[in-house]
Amino acid sequence: MYLATTDAAAKVSEMPDASEARRGRVAGPVLALGAVSLVTDISSEMVTAVLPLYFVLQLGLSPLQFGFLDGLYNGVTALVRLAGGYAADRGGRHKLVAGGGYALSALSRLGLLLAGGATAGIGAALAADRVGKGVRTAPRDALISLSSPPDTLGRAFGVHRAMDTTGALLGPLAAFALLWATADAYDAVFVVSFCFGLLGVLMLVAFVPGHREFSAPGPRKQAGPGALDLLRVPAFRRVLYAASLLGAATIGDAFLYLLLQRRLDFAVSWFPLLPLGAAAVYLLLAVPAGRLADRVGRRVPFLAGHLALLGGYALLLAPTDGRPLLVGVLLLLGVFYAATDGVLMALATPFVPSERRAAGMAVLQTGQALARLVAAAGFGAAWTLWGVGTALTCSVVALAVALAGAAVLLPRTERPRTESPRTERPRTERPS
């Protein structure tokens, strides 16, 4: 119905980095955005790594309260994502909107510092951080897709996610070192996190080109369908439904780490290092998973990643203990993110016109965020009311059913119907 891939290819062919991308290199804007994400993820993961301990052990929140805050942390940005995507597409202000989101997330670290132990203040700071993330994510991913050829989208997103995950590796290490050096002073973690967040904003301003700087010259095309009008595109709608269905059966990572600590009963000072295992696997597999998705199709790796997550849930229910449990869960969680995070954006991109790229990605990310809000709150409530074993069993069944539904929903072709196959191109060229 809407031809996005051809338009994007036409623009990319006139970009200075297009020849490098065809030779296997990633475009410059993707690398610059990856560097910004690396620094910003150091900031965010420093806080994320200590929040479960800070909430449950120091502040004494119940699993139900933590589930509500974790759901708020991931789902409060629904309307903000849509507004951010629309604002970025309007006039091509992707860099400006993304920069505002990065700045708001950095300032939220100071909000955590000022909130003390007040649940309302903590919730407001988390909401501000998620609003910032919601505002910036769609414009950032739109910049990545608009600066990359259509047949290398998986690799481009894979490289960006690998750099992003490098920050996710360094963030918990920094948090662990600070807590060890300051005798569990969480305030120090929040201050250092703010400094890294501010550095990420400065790098974005200095090194990331705006949309207009790498778009093809010429008059701007008329706007395509609005953000909600994209739901009328059958293929995009199927991708959205499948991603949302799977998101509604996905419990938060923080719950998995809390379950590991509960099962293995290790010292809480080691808790911030748990995300390192999953992040290391993600870092190693993000680029290979993106390349594989470009070759065999993005549908298969996306489903396989959720199958790996299902294996992680089942492993937590099994009588396995000790190192096999720890390594197995973290390994499967890393495989899940490597095969799904950037791959989903690459899967949806061909069905979204270039002039509505940020809005389309915002709609997709909003569906996931709302679904994960339901999943986090539901798992927290099930844990509180029925116990952790019953809650995990429900999660395994829900994810298995969601996987079957997503396999039916996801489109089996990744090209818009209006695009002609390469074999139909007339051979009018003469060999030189």
# chains A, B, ... in the order shown; residues from 1 in each chain; ligands from 1
call {"tool": "residues_around", "arguments": {"residues": "stretch 109-121 of chain A", "least_positions_apart": "6", "cutoff": "12 Å", "atoms": "only C-alpha atoms", "output": "number ranges by chain"}}
result
A: 40, 43-48, 51, 54-56, 58-61, 65-66, 68-69, 72, 102-103, 127-130, 132, 185-198
call {"tool": "residues_around", "arguments": {"residues": "A:Leu240", "least_positions_apart": "4", "cutoff": "9 Å", "atoms": "only C-alpha atoms", "output": "PyMOL selection string"}}
result
chain A and resi 231+235-236+244-245+348+363-365+367-368+410
call {"tool": "write_last_selection", "arguments": {"atoms": "N, CA and C atoms", "output": "PDB file, in the first residue's frame"}}
result
ATOM      1  N   LEU A 231      -1.739   2.025  10.907  1.00  0.00           N
ATOM      2  CA  LEU A 231      -2.431   0.800  11.289  1.00  0.00           C
ATOM      3  C   LEU A 231      -3.279   0.245  10.157  1.00  0.00           C
ATOM      4  N   ALA A 235       0.600  -5.214   6.624  1.00  0.00           N
ATOM      5  CA  ALA A 235       1.841  -5.842   7.076  1.00  0.00           C
ATOM      6  C   ALA A 235       2.356  -5.180   8.351  1.00  0.00           C
ATOM      7  N   PHE A 236       2.321  -3.855   8.409  1.00  0.00           N
ATOM      8  CA  PHE A 236       2.770  -3.162   9.614  1.00  0.00           C
ATOM      9  C   PHE A 236       1.878  -3.513  10.793  1.00  0.00           C
ATOM     10  N   SER A 244       3.352  -6.778  20.212  1.00  0.00           N
ATOM     11  CA  SER A 244       2.596  -6.464  21.425  1.00  0.00           C
ATOM     12  C   SER A 244       2.165  -7.730  22.153  1.00  0.00           C
ATOM     13  N   LEU A 245       1.758  -8.739  21.410  1.00  0.00           N
ATOM     14  CA  LEU A 245       1.351  -9.997  22.023  1.00  0.00           C
ATOM     15  C   LEU A 245       2.515 -10.632  22.775  1.00  0.00           C
ATOM     16  N   ALA A 348      10.191  -4.092  10.698  1.00  0.00           N
ATOM     17  CA  ALA A 348       9.068  -3.189  10.443  1.00  0.00           C
ATOM     18  C   ALA A 348       9.401  -2.083   9.449  1.00  0.00           C
ATOM     19  N   VAL A 363       4.878   4.084  17.079  1.00  0.00           N
ATOM     20  CA  VAL A 363       3.675   3.259  17.252  1.00  0.00           C
ATOM     21  C   VAL A 363       4.070   1.842  17.669  1.00  0.00           C
ATOM     22  N   LEU A 364       5.080   1.292  17.015  1.00  0.00           N
ATOM     23  CA  LEU A 364       5.522  -0.066  17.332  1.00  0.00           C
ATOM     24  C   LEU A 364       6.075  -0.157  18.757  1.00  0.00           C
ATOM     25  N   GLN A 365       6.911   0.808  19.121  1.00  0.00           N
ATOM     26  CA  GLN A 365       7.496   0.802  20.464  1.00  0.00           C
ATOM     27  C   GLN A 365       6.456   1.068  21.539  1.00  0.00           C
ATOM     28  N   GLY A 367       3.276   0.091  21.402  1.00  0.00           N
ATOM     29  CA  GLY A 367       2.579  -1.175  21.598  1.00  0.00           C
ATOM     30  C   GLY A 367       3.349  -2.105  22.513  1.00  0.00           C
ATOM     31  N   GLN A 368       4.653  -2.193  22.309  1.00  0.00           N
ATOM     32  CA  GLN A 368       5.482  -3.031  23.177  1.00  0.00           C
ATOM     33  C   GLN A 368       5.498  -2.508  24.613  1.00  0.00           C
ATOM     34  N   LEU A 410       2.954 -12.681  12.084  1.00  0.00           N
ATOM     35  CA  LEU A 410       4.046 -11.996  11.382  1.00  0.00           C
ATOM     36  C   LEU A 410       3.981 -12.253   9.884  1.00  0.00           C
TER      37      LEU A 410
END
call {"tool": "closest_residue", "arguments": {"among": "A:Asp89, A:Gly305, A:Leu317, A:Gly360", "to": "A:Ala339", "atoms": "only C-alpha atoms"}}
result
A:Gly305
call {"tool": "closest_residue", "arguments": {"among": "A:Leu326, A:Leu126, A:Arg291, A:Ala362", "to": "A:Leu259", "atoms": "only C-alpha atoms"}}
result
A:Leu326
call {"tool": "select_by_dssp", "arguments": {"residues": "stretch 79-190 of chain A", "states": "alpha helix (DSSP H)", "output": "PyMOL selection string"}}
result
chain A and resi 79-89+94-115+119-146+153-181+186-190
call {"tool": "residues_around", "arguments": {"residues": "A:Arg136", "least_positions_apart": "4", "cutoff": "7 Å", "atoms": "only C-alpha atoms", "output": "list in words"}}
result
Val97, Ala98, Gly99, Gly101, Tyr102, Gly132 and Arg140 of chain A
call {"tool": "atom_distance", "arguments": {"atom1": "atom CA of A:Leu403", "atom2": "atom CA of A:Leu370"}}
result
18.0 Å
call {"tool": "closest_residue", "arguments": {"among": "A:Arg357, A:His160, A:His94, A:Arg232", "to": "A:Leu283", "atoms": "only C-alpha atoms"}}
result
A:His160
call {"tool": "residues_around", "arguments": {"residues": "A:Val343", "least_positions_apart": "3", "cutoff": "12 Å", "atoms": "only C-alpha atoms", "output": "number ranges by chain"}}
result
A: 141, 145, 152-161, 239, 243, 285-294, 296-305, 336-340, 346-349
call {"tool": "write_last_selection", "arguments": {"atoms": "N, CA and C atoms", "output": "CSV table (one decimal), in the first residue's frame"}}
result
chain,number,residue,atom,x,y,z
A,141,ASP,N,16.1,5.7,16.1
A,141,ASP,CA,16.0,4.5,15.2
A,141,ASP,C,15.6,4.9,13.8
A,145,SER,N,17.7,4.0,10.3
A,145,SER,CA,17.1,3.4,9.2
A,145,SER,C,17.2,4.3,7.9
A,152,THR,N,20.7,-3.7,4.3
A,152,THR,CA,21.7,-3.8,5.4
A,152,THR,C,21.1,-3.3,6.7
A,153,LEU,N,19.8,-3.2,6.8
A,153,LEU,CA,19.2,-2.7,8.0
A,153,LEU,C,19.5,-3.5,9.3
A,154,GLY,N,19.4,-4.8,9.1
A,154,GLY,CA,19.7,-5.7,10.2
A,154,GLY,C,21.1,-5.5,10.7
A,155,ARG,N,22.1,-5.4,9.8
A,155,ARG,CA,23.5,-5.1,10.3
A,155,ARG,C,23.6,-3.8,10.9
A,156,ALA,N,23.0,-2.7,10.4
A,156,ALA,CA,23.1,-1.4,10.9
A,156,ALA,C,22.5,-1.3,12.4
A,157,PHE,N,21.3,-1.9,12.5
A,157,PHE,CA,20.8,-2.0,13.9
A,157,PHE,C,21.6,-2.8,14.8
A,158,GLY,N,22.2,-3.9,14.3
A,158,GLY,CA,23.0,-4.8,15.1
A,158,GLY,C,24.2,-4.1,15.6
A,159,VAL,N,24.9,-3.3,14.7
A,159,VAL,CA,26.1,-2.5,15.1
A,159,VAL,C,25.7,-1.5,16.2
A,160,HIS,N,24.6,-0.8,16.0
A,160,HIS,CA,24.2,0.2,17.0
A,160,HIS,C,23.9,-0.5,18.3
A,161,ARG,N,23.1,-1.6,18.3
A,161,ARG,CA,22.8,-2.3,19.5
A,161,ARG,C,24.0,-2.9,20.2
A,239,VAL,N,2.9,-6.9,12.2
A,239,VAL,CA,4.1,-6.8,13.0
A,239,VAL,C,3.8,-6.2,14.4
A,243,ALA,N,4.3,-8.1,18.0
A,243,ALA,CA,5.3,-7.6,19.0
A,243,ALA,C,4.6,-7.3,20.3
A,285,LEU,N,26.5,-11.3,20.0
A,285,LEU,CA,25.6,-11.8,19.0
A,285,LEU,C,24.8,-10.8,18.3
A,286,ALA,N,24.8,-9.5,18.7
A,286,ALA,CA,24.0,-8.5,18.1
A,286,ALA,C,24.3,-8.3,16.6
A,287,VAL,N,25.5,-8.2,16.2
A,287,VAL,CA,25.9,-8.0,14.8
A,287,VAL,C,25.7,-9.3,14.0
A,288,PRO,N,26.2,-10.4,14.5
A,288,PRO,CA,25.8,-11.7,13.7
A,288,PRO,C,24.3,-11.9,13.5
A,289,ALA,N,23.6,-11.6,14.6
A,289,ALA,CA,22.1,-11.8,14.4
A,289,ALA,C,21.5,-10.8,13.4
A,290,GLY,N,22.0,-9.6,13.4
A,290,GLY,CA,21.6,-8.7,12.3
A,290,GLY,C,21.9,-9.1,10.9
A,291,ARG,N,23.1,-9.6,10.8
A,291,ARG,CA,23.5,-10.1,9.4
A,291,ARG,C,22.7,-11.3,9.0
A,292,LEU,N,22.5,-12.2,10.0
A,292,LEU,CA,21.7,-13.4,9.7
A,292,LEU,C,20.3,-13.0,9.3
A,293,ALA,N,19.7,-12.0,10.0
A,293,ALA,CA,18.4,-11.5,9.7
A,293,ALA,C,18.3,-10.9,8.3
A,294,ASP,N,19.4,-10.2,7.8
A,294,ASP,CA,19.4,-9.7,6.5
A,294,ASP,C,19.4,-10.8,5.4
A,296,VAL,N,18.5,-14.4,5.9
A,296,VAL,CA,17.4,-15.4,5.9
A,296,VAL,C,16.0,-14.8,6.1
A,297,GLY,N,16.0,-13.5,6.4
A,297,GLY,CA,14.7,-12.9,6.8
A,297,GLY,C,14.6,-12.6,8.3
A,298,ARG,N,14.0,-11.5,8.6
A,298,ARG,CA,14.0,-11.1,10.0
A,298,ARG,C,13.0,-11.7,10.9
A,299,ARG,N,12.0,-12.4,10.3
A,299,ARG,CA,10.9,-13.1,11.1
A,299,ARG,C,11.5,-14.2,11.9
A,300,VAL,N,12.3,-15.1,11.3
A,300,VAL,CA,12.8,-16.3,12.0
A,300,VAL,C,13.7,-15.9,13.2
A,301,PRO,N,14.7,-15.0,13.1
A,301,PRO,CA,15.5,-14.7,14.3
A,301,PRO,C,14.6,-14.1,15.4
A,302,PHE,N,13.6,-13.3,15.0
A,302,PHE,CA,12.8,-12.6,16.0
A,302,PHE,C,12.0,-13.7,16.8
A,303,LEU,N,11.4,-14.7,16.2
A,303,LEU,CA,10.7,-15.7,16.9
A,303,LEU,C,11.7,-16.6,17.7
A,304,ALA,N,12.8,-16.9,17.1
A,304,ALA,CA,13.8,-17.7,17.8
A,304,ALA,C,14.3,-17.0,19.1
A,305,GLY,N,14.4,-15.7,19.1
A,305,GLY,CA,14.8,-15.0,20.3
A,305,GLY,C,13.8,-15.2,21.4
A,336,PHE,N,18.1,-13.7,23.6
A,336,PHE,CA,16.8,-13.1,23.3
A,336,PHE,C,16.9,-11.6,22.8
A,337,TYR,N,17.7,-10.8,23.5
A,337,TYR,CA,17.9,-9.4,23.1
A,337,TYR,C,18.6,-9.3,21.8
A,338,ALA,N,19.6,-10.1,21.6
A,338,ALA,CA,20.4,-10.0,20.3
A,338,ALA,C,19.5,-10.3,19.1
A,339,ALA,N,18.6,-11.3,19.3
A,339,ALA,CA,17.8,-11.7,18.1
A,339,ALA,C,16.5,-10.9,17.9
A,340,THR,N,16.2,-10.0,18.9
A,340,THR,CA,14.8,-9.4,18.8
A,340,THR,C,14.9,-7.8,18.8
A,346,ALA,N,14.3,-3.5,12.2
A,346,ALA,CA,14.6,-3.8,10.7
A,346,ALA,C,13.4,-4.5,10.1
A,347,LEU,N,12.7,-5.3,10.8
A,347,LEU,CA,11.5,-6.1,10.3
A,347,LEU,C,10.4,-5.1,9.9
A,348,ALA,N,10.2,-4.1,10.7
A,348,ALA,CA,9.1,-3.2,10.4
A,348,ALA,C,9.4,-2.1,9.4
A,349,THR,N,10.7,-1.7,9.3
A,349,THR,CA,11.1,-0.6,8.5
A,349,THR,C,10.5,-0.6,7.1
call {"tool": "residues_around", "arguments": {"residues": "A:Met163", "least_positions_apart": "6", "cutoff": "9 Å", "atoms": "only C-alpha atoms", "output": "MDAnalysis selection string"}}
result
chainID A and resid 31 34:38 283
call {"tool": "write_last_selection", "arguments": {"atoms": "all heavy atoms", "output": "PDB file, in the first residue's frame"}}
result
ATOM      1  N   LEU A  31      27.281   4.989  13.420  1.00  0.00           N
ATOM      2  CA  LEU A  31      28.375   4.889  14.384  1.00  0.00           C
ATOM      3  C   LEU A  31      28.323   6.021  15.408  1.00  0.00           C
ATOM      4  O   LEU A  31      28.584   5.807  16.601  1.00  0.00           O
ATOM      5  CB  LEU A  31      29.715   4.907  13.649  1.00  0.00           C
ATOM      6  CG  LEU A  31      29.971   3.726  12.699  1.00  0.00           C
ATOM      7  CD1 LEU A  31      31.307   3.908  11.979  1.00  0.00           C
ATOM      8  CD2 LEU A  31      29.957   2.415  13.460  1.00  0.00           C
ATOM      9  N   GLY A  34      25.638   5.263  17.752  1.00  0.00           N
ATOM     10  CA  GLY A  34      26.076   4.176  18.615  1.00  0.00           C
ATOM     11  C   GLY A  34      26.967   4.668  19.741  1.00  0.00           C
ATOM     12  O   GLY A  34      26.858   4.201  20.881  1.00  0.00           O
ATOM     13  N   ALA A  35      27.847   5.629  19.448  1.00  0.00           N
ATOM     14  CA  ALA A  35      28.710   6.190  20.491  1.00  0.00           C
ATOM     15  C   ALA A  35      27.882   6.934  21.543  1.00  0.00           C
ATOM     16  O   ALA A  35      28.148   6.837  22.745  1.00  0.00           O
ATOM     17  CB  ALA A  35      29.743   7.115  19.859  1.00  0.00           C
ATOM     18  N   VAL A  36      26.875   7.691  21.092  1.00  0.00           N
ATOM     19  CA  VAL A  36      26.001   8.397  22.036  1.00  0.00           C
ATOM     20  C   VAL A  36      25.260   7.393  22.910  1.00  0.00           C
ATOM     21  O   VAL A  36      25.152   7.555  24.131  1.00  0.00           O
ATOM     22  CB  VAL A  36      25.012   9.297  21.277  1.00  0.00           C
ATOM     23  CG1 VAL A  36      23.980   9.885  22.230  1.00  0.00           C
ATOM     24  CG2 VAL A  36      25.751  10.411  20.555  1.00  0.00           C
ATOM     25  N   SER A  37      24.739   6.337  22.298  1.00  0.00           N
ATOM     26  CA  SER A  37      24.007   5.325  23.060  1.00  0.00           C
ATOM     27  C   SER A  37      24.919   4.607  24.047  1.00  0.00           C
ATOM     28  O   SER A  37      24.484   4.234  25.144  1.00  0.00           O
ATOM     29  CB  SER A  37      23.362   4.311  22.107  1.00  0.00           C
ATOM     30  OG  SER A  37      22.350   4.918  21.336  1.00  0.00           O
ATOM     31  N   LEU A  38      26.179   4.395  23.658  1.00  0.00           N
ATOM     32  CA  LEU A  38      27.125   3.734  24.557  1.00  0.00           C
ATOM     33  C   LEU A  38      27.278   4.526  25.858  1.00  0.00           C
ATOM     34  O   LEU A  38      27.163   3.987  26.961  1.00  0.00           O
ATOM     35  CB  LEU A  38      28.475   3.583  23.850  1.00  0.00           C
ATOM     36  CG  LEU A  38      29.565   2.745  24.527  1.00  0.00           C
ATOM     37  CD1 LEU A  38      30.527   2.205  23.476  1.00  0.00           C
ATOM     38  CD2 LEU A  38      30.365   3.542  25.558  1.00  0.00           C
ATOM     39  N   LEU A 283      26.158  -8.396  23.316  1.00  0.00           N
ATOM     40  CA  LEU A 283      27.220  -7.709  22.594  1.00  0.00           C
ATOM     41  C   LEU A 283      27.858  -8.613  21.545  1.00  0.00           C
ATOM     42  O   LEU A 283      28.119  -8.193  20.412  1.00  0.00           O
ATOM     43  CB  LEU A 283      28.272  -7.220  23.586  1.00  0.00           C
ATOM     44  CG  LEU A 283      29.531  -6.575  23.004  1.00  0.00           C
ATOM     45  CD1 LEU A 283      29.186  -5.322  22.225  1.00  0.00           C
ATOM     46  CD2 LEU A 283      30.523  -6.257  24.124  1.00  0.00           C
TER      47      LEU A 283
END
call {"tool": "atom_distance", "arguments": {"atom1": "atom CA of A:Ala358", "atom2": "atom CA of A:Ala142"}}
result
5.0 Å
call {"tool": "closest_residue", "arguments": {"among": "A:Ala371, A:Ala206, A:Ala87, A:Val268", "to": "A:Leu33", "atoms": "only C-alpha atoms"}}
result
A:Ala206
call {"tool": "closest_residue", "arguments": {"among": "A:Val388, A:Leu170, A:Cys394, A:Ala124", "to": "A:Ile42", "atoms": "only C-alpha atoms"}}
result
A:Leu170
call {"tool": "residues_around", "arguments": {"residues": "A:Ala402", "least_positions_apart": "5", "cutoff": "9 Å", "atoms": "only C-alpha atoms", "output": "number ranges by chain"}}
result
A: 242, 245-249, 397, 407
call {"tool": "atom_distance", "arguments": {"atom1": "atom CA of A:Met203", "atom2": "atom CA of A:Trp180"}}
result
29.4 Å
call {"tool": "residues_around", "arguments": {"residues": "A:Leu143", "least_positions_apart": "4", "cutoff": "8 Å", "atoms": "only C-alpha atoms", "output": "JSON, numbers by chain"}}
result
{"A": [29, 30, 94, 139, 147, 211]}
call {"tool": "write_last_selection", "arguments": {"atoms": "all heavy atoms", "output": "mmCIF file, in the first residue's frame"}}
result
data_model
loop_
_atom_site.group_PDB
_atom_site.id
_atom_site.type_symbol
_atom_site.label_atom_id
_atom_site.label_comp_id
_atom_site.auth_asym_id
_atom_site.auth_seq_id
_atom_site.Cartn_x
_atom_site.Cartn_y
_atom_site.Cartn_z
ATOM 1 N N PRO A 29 26.526 8.146 10.436
ATOM 2 C CA PRO A 29 25.524 8.501 11.448
ATOM 3 C C PRO A 29 25.183 7.360 12.395
ATOM 4 O O PRO A 29 24.904 7.588 13.567
ATOM 5 C CB PRO A 29 24.306 8.912 10.605
ATOM 6 C CG PRO A 29 24.873 9.377 9.316
ATOM 7 C CD PRO A 29 26.067 8.503 9.071
ATOM 8 N N VAL A 30 25.215 6.115 11.900
ATOM 9 C CA VAL A 30 24.931 4.974 12.761
ATOM 10 C C VAL A 30 26.012 4.821 13.824
ATOM 11 O O VAL A 30 25.727 4.572 15.006
ATOM 12 C CB VAL A 30 24.807 3.684 11.924
ATOM 13 C CG1 VAL A 30 24.577 2.473 12.824
ATOM 14 C CG2 VAL A 30 23.672 3.808 10.920
ATOM 15 N N HIS A 94 14.595 15.133 13.671
ATOM 16 C CA HIS A 94 14.911 13.917 14.417
ATOM 17 C C HIS A 94 15.978 14.162 15.475
ATOM 18 O O HIS A 94 15.851 13.701 16.618
ATOM 19 C CB HIS A 94 15.371 12.823 13.451
ATOM 20 C CG HIS A 94 14.329 12.417 12.455
ATOM 21 N ND1 HIS A 94 13.971 13.218 11.390
ATOM 22 C CD2 HIS A 94 13.573 11.300 12.354
ATOM 23 C CE1 HIS A 94 13.040 12.607 10.682
ATOM 24 N NE2 HIS A 94 12.783 11.438 11.243
ATOM 25 N N PRO A 139 12.941 8.683 17.119
ATOM 26 C CA PRO A 139 13.771 9.500 16.223
ATOM 27 C C PRO A 139 15.166 8.922 16.009
ATOM 28 O O PRO A 139 15.699 8.981 14.901
ATOM 29 C CB PRO A 139 13.837 10.853 16.942
ATOM 30 C CG PRO A 139 12.629 10.892 17.799
ATOM 31 C CD PRO A 139 12.394 9.484 18.235
ATOM 32 N N SER A 147 19.548 6.383 7.257
ATOM 33 C CA SER A 147 20.939 6.528 6.816
ATOM 34 C C SER A 147 21.546 5.202 6.366
ATOM 35 O O SER A 147 22.744 5.131 6.117
ATOM 36 C CB SER A 147 21.790 7.114 7.949
ATOM 37 O OG SER A 147 21.776 6.277 9.080
ATOM 38 N N HIS A 211 18.639 14.935 10.336
ATOM 39 C CA HIS A 211 18.017 14.255 9.193
ATOM 40 C C HIS A 211 18.303 14.995 7.890
ATOM 41 O O HIS A 211 18.670 14.405 6.882
ATOM 42 C CB HIS A 211 16.503 14.138 9.434
ATOM 43 C CG HIS A 211 15.756 13.505 8.297
ATOM 44 N ND1 HIS A 211 14.398 13.544 8.200
ATOM 45 C CD2 HIS A 211 16.180 12.824 7.211
ATOM 46 C CE1 HIS A 211 14.009 12.907 7.104
ATOM 47 N NE2 HIS A 211 15.069 12.467 6.486
#
